[in-house]
$ cat model_16.cif   # mmCIF, C-alpha atoms
data_upload
#
loop_
_atom_site.label_atom_id
_atom_site.label_comp_id
_atom_site.auth_asym_id
_atom_site.auth_seq_id
_atom_site.Cartn_x
_atom_site.Cartn_y
_atom_site.Cartn_z
CA MET A 5 -30.67 -14.71 -58.52
CA ASP A 6 -26.96 -13.98 -59.15
CA ARG A 7 -26.00 -13.61 -62.84
CA VAL A 8 -22.92 -13.78 -65.01
CA VAL A 9 -22.11 -10.13 -65.72
CA HIS A 10 -18.54 -10.13 -67.02
CA PHE A 11 -15.98 -12.30 -68.80
CA GLU A 12 -12.20 -12.19 -68.87
CA LEU A 13 -9.97 -13.50 -71.64
CA ALA A 14 -6.30 -14.06 -70.81
CA ALA A 15 -3.85 -13.45 -73.64
CA GLU A 16 -0.10 -13.73 -74.13
CA ASP A 17 -0.29 -10.40 -75.99
CA PRO A 18 -3.39 -8.46 -74.84
CA GLU A 19 -2.97 -5.74 -77.46
CA ARG A 20 -2.84 -8.34 -80.24
CA ALA A 21 -5.89 -10.08 -78.78
CA ALA A 22 -7.75 -6.76 -78.52
CA GLU A 23 -7.04 -6.02 -82.18
CA PHE A 24 -8.28 -9.50 -83.16
CA TYR A 25 -11.62 -9.03 -81.35
CA ARG A 26 -12.02 -5.51 -82.72
CA GLN A 27 -11.57 -6.72 -86.27
CA ALA A 28 -13.33 -10.09 -86.00
CA PHE A 29 -16.41 -8.98 -84.04
CA GLY A 30 -16.45 -5.18 -84.01
CA TRP A 31 -15.99 -5.00 -80.23
CA VAL A 32 -14.93 -1.69 -78.70
CA ILE A 33 -11.82 -2.28 -76.58
CA LYS A 34 -10.00 0.36 -74.54
CA LYS A 35 -7.06 0.07 -72.17
CA TRP A 36 -8.17 0.69 -68.59
CA GLU A 37 -6.44 3.51 -66.74
CA GLY A 38 -6.45 1.58 -63.49
CA PRO A 39 -3.68 0.13 -61.36
CA THR A 40 -3.36 -3.11 -63.39
CA GLU A 41 -2.80 -3.92 -67.06
CA TYR A 42 -6.35 -4.51 -68.31
CA TRP A 43 -8.42 -3.80 -71.43
CA LEU A 44 -12.18 -3.17 -71.11
CA VAL A 45 -14.33 -4.89 -73.74
CA THR A 46 -17.75 -3.62 -74.88
CA THR A 47 -19.51 -6.23 -77.00
CA GLY A 48 -22.70 -4.34 -77.82
CA ALA A 49 -24.88 -1.35 -77.15
CA GLU A 50 -26.28 -0.67 -73.67
CA GLY A 51 -29.62 -2.42 -73.28
CA GLU A 52 -28.83 -5.22 -75.78
CA ALA A 53 -28.67 -8.81 -74.54
CA GLY A 54 -25.17 -9.97 -73.68
CA ILE A 55 -22.29 -9.09 -71.38
CA ASN A 56 -19.11 -7.07 -71.60
CA GLY A 57 -15.71 -8.13 -70.37
CA GLY A 58 -12.00 -7.64 -70.29
CA ILE A 59 -8.69 -8.85 -71.61
CA LEU A 60 -5.71 -9.34 -69.33
CA ARG A 61 -2.16 -10.61 -69.68
CA GLN A 62 -2.01 -14.38 -69.30
CA ARG A 63 -0.16 -15.74 -66.28
CA GLU A 64 1.49 -19.13 -66.30
CA GLY A 65 -0.86 -21.76 -64.91
CA ALA A 66 -3.84 -19.38 -64.76
CA PRO A 67 -7.09 -20.11 -66.61
CA GLN A 68 -7.62 -18.48 -69.98
CA THR A 69 -11.31 -17.64 -69.60
CA ILE A 70 -13.17 -16.58 -66.48
CA VAL A 71 -16.80 -15.61 -66.01
CA THR A 72 -17.70 -13.23 -63.20
CA ILE A 73 -20.95 -13.45 -61.26
CA ALA A 74 -22.50 -10.35 -59.68
CA VAL A 75 -23.55 -10.83 -56.06
CA GLU A 76 -24.97 -8.64 -53.34
CA SER A 77 -22.07 -9.44 -50.99
CA VAL A 78 -18.69 -10.96 -51.87
CA ASP A 79 -18.26 -12.04 -48.25
CA ILE A 80 -21.55 -13.97 -48.19
CA ALA A 81 -21.01 -15.45 -51.67
CA VAL A 82 -17.54 -16.71 -50.74
CA GLN A 83 -18.96 -18.38 -47.62
CA GLN A 84 -21.63 -20.04 -49.80
CA VAL A 85 -18.96 -21.28 -52.22
CA LEU A 86 -16.99 -22.77 -49.31
CA ARG A 87 -20.12 -24.41 -47.82
CA CYS A 88 -20.88 -26.00 -51.21
CA GLY A 89 -17.41 -27.55 -51.54
CA GLY A 90 -15.64 -24.81 -53.50
CA LYS A 91 -12.41 -23.02 -52.59
CA VAL A 92 -11.04 -19.49 -52.58
CA ALA A 93 -8.41 -18.98 -55.28
CA LEU A 94 -7.83 -15.26 -54.63
CA PRO A 95 -9.41 -13.54 -51.62
CA LYS A 96 -11.59 -10.44 -51.71
CA MET A 97 -9.87 -7.33 -53.03
CA ALA A 98 -10.99 -3.80 -53.81
CA ILE A 99 -11.12 -2.51 -57.35
CA PRO A 100 -11.05 1.25 -56.71
CA GLY A 101 -14.22 3.00 -57.87
CA VAL A 102 -15.73 -0.25 -59.14
CA GLY A 103 -16.33 -2.71 -56.31
CA TYR A 104 -14.97 -5.85 -54.65
CA GLN A 105 -13.80 -9.01 -56.38
CA ALA A 106 -12.77 -12.50 -55.28
CA TYR A 107 -11.89 -15.54 -57.36
CA CYS A 108 -13.07 -18.98 -56.35
CA LEU A 109 -12.81 -22.55 -57.61
CA ASP A 110 -15.95 -24.60 -58.05
CA THR A 111 -16.00 -28.32 -57.19
CA GLU A 112 -14.52 -29.11 -60.63
CA GLY A 113 -11.62 -26.65 -60.33
CA THR A 114 -13.15 -24.03 -62.63
CA VAL A 115 -12.22 -20.47 -61.67
CA ILE A 116 -15.17 -18.09 -61.22
CA GLY A 117 -15.10 -14.41 -60.36
CA ILE A 118 -17.39 -13.14 -57.61
CA HIS A 119 -18.13 -9.39 -57.88
CA GLN A 120 -19.91 -6.89 -55.64
CA PHE A 121 -20.56 -3.54 -57.32
CA ASP A 122 -19.58 -0.66 -55.01
CA PRO A 123 -18.29 2.61 -56.51
CA SER A 124 -16.98 3.65 -53.08
CA ALA A 125 -14.47 0.74 -53.03
CA LYS A 126 -10.89 1.84 -52.32
#

$ encode --input "model_16.cif" --output "structure tokens"
Amino acid sequence: MDRVVHFELAAEDPERAAEFYRQAFGWVIKKWEGPTEYWLVTTGAEGEAGINGGILRQREGAPQTIVTIAVESVDIAVQQVLRCGGKVALPKMAIPGVGYQAYCLDTEGTVIGIHQFDPSAK
């Protein structure tokens, strides 16, 4: 069964948002050294129930919260989404050293991330 493994919070000022979550909930938040402006969020110790996530700069018209579902294959999952009446919002892309990601819309227009872990992604 595919599970929610990540969340993303969009913010007008990601650094301000990161500081809020650090202070309000004790989350550990570090700016990612990758090709995009992104902050990695750790919400608890490894092995505890819950998921980690990220904070990104909000884009006009984009959703403010996204959950990401881990799948065995982004390609297969996207085809399943399309067969079930969903749509592709952003096609499959590589996240170097992490895996592959696509963003889809469910039948209600909710954005969901679809992620395939693959450290060899380029």

$ residues_near_point --input "model_16.cif" --point "(-9.8, -25.5, -62.0)" --cutoff "12 Å" --atoms "all atoms listed in the file" --output "PyMOL selection string"
chain A and resi 65-70+90-93+107-116

$ closest_atom_pairs --input "model_16.cif" --of "stretch 52-75 of chain A" --to "stretch 14-29 of chain A" --cutoff "6 Å" --atoms "only C-alpha atoms" --output "CSV"
residue,atom,partner,partner_atom,distance
A:Ile59,CA,A:Ala14,CA,5.8
A:Leu60,CA,A:Ala14,CA,5.0
A:Arg61,CA,A:Ala15,CA,5.2
A:Gln62,CA,A:Ala14,CA,4.6
A:Gln68,CA,A:Ala14,CA,4.7

$ write_last_selection --input "model_16.cif" --atoms "C-alpha atoms" --output "tab-separated table (two decimals), in the coordinates of the input"
chain	number	residue	atom	x	y	z
A	59	ILE	CA	-8.69	-8.85	-71.61
A	60	LEU	CA	-5.71	-9.34	-69.33
A	61	ARG	CA	-2.16	-10.61	-69.68
A	62	GLN	CA	-2.01	-14.38	-69.30
A	68	GLN	CA	-7.62	-18.48	-69.98

$ atom_distance --input "model_16.cif" --atom1 "atom CA of A:Gly54" --atom2 "atom CA of A:Arg7"
11.5 Å

$ atom_distance --input "model_16.cif" --atom1 "atom CA of A:Ser77" --atom2 "atom CA of A:Thr40"
23.3 Å

$ closest_residue --input "model_16.cif" --among "A:Trp36, A:Asp122, A:Asp79, A:Trp31" --to "A:Ala106" --atoms "all atoms listed in the file"
A:Asp79

$ resolve_selection --input "model_16.cif" --expression "the PyMOL selection byres ((chain A and resi 118) around 7)" --output "ChimeraX atom specification"
/A:72-75,78,105-107,116-117,119

$ residues_around --input "model_16.cif" --residues "A:Thr47" --least-positions-apart "3" --cutoff "7 Å" --atoms "all atoms listed in the file" --output "JSON, numbers by chain"
{"A": [31, 32, 55, 56]}

$ write_last_selection --input "model_16.cif" --atoms "C-alpha atoms" --output "PDB file, in the frame of the given file"
ATOM      1  CA  TRP A  31     -15.990  -5.000 -80.230  1.00  0.00           C
ATOM      2  CA  VAL A  32     -14.930  -1.690 -78.700  1.00  0.00           C
ATOM      3  CA  ILE A  55     -22.290  -9.090 -71.380  1.00  0.00           C
ATOM      4  CA  ASN A  56     -19.110  -7.070 -71.600  1.00  0.00           C
TER       5      ASN A  56
END

$ atom_distance --input "model_16.cif" --atom1 "atom CA of A:Leu94" --atom2 "atom CA of A:Trp43"
20.3 Å

$ resolve_selection --input "model_16.cif" --expression "the PyMOL selection byres ((chain A and resi 34) around 6)" --output "short mmCIF file (atom, residue, chain, number, x, y, z; two decimals) with C-alpha atoms, in the coordinates of the input"
data_model
loop_
_atom_site.label_atom_id
_atom_site.label_comp_id
_atom_site.auth_asym_id
_atom_site.auth_seq_id
_atom_site.Cartn_x
_atom_site.Cartn_y
_atom_site.Cartn_z
CA ILE A 33 -11.82 -2.28 -76.58
CA LYS A 35 -7.06 0.07 -72.17
CA TRP A 43 -8.42 -3.80 -71.43
CA LEU A 44 -12.18 -3.17 -71.11
#

$ closest_residue --input "model_16.cif" --among "A:Val102, A:Arg87, A:Glu12, A:Ala125" --to "A:Gly57" --atoms "all atoms listed in the file"
A:Glu12

$ axis_aligned_box --input "model_16.cif" --around "stretch 104-116 of chain A" --padding-each-side "4 Å" --output "AutoDock Vina command-line options"
--center_x -13.8 --center_y -17.5 --center_z -58.6 --size_x 12.4 --size_y 31.3 --size_z 16.0
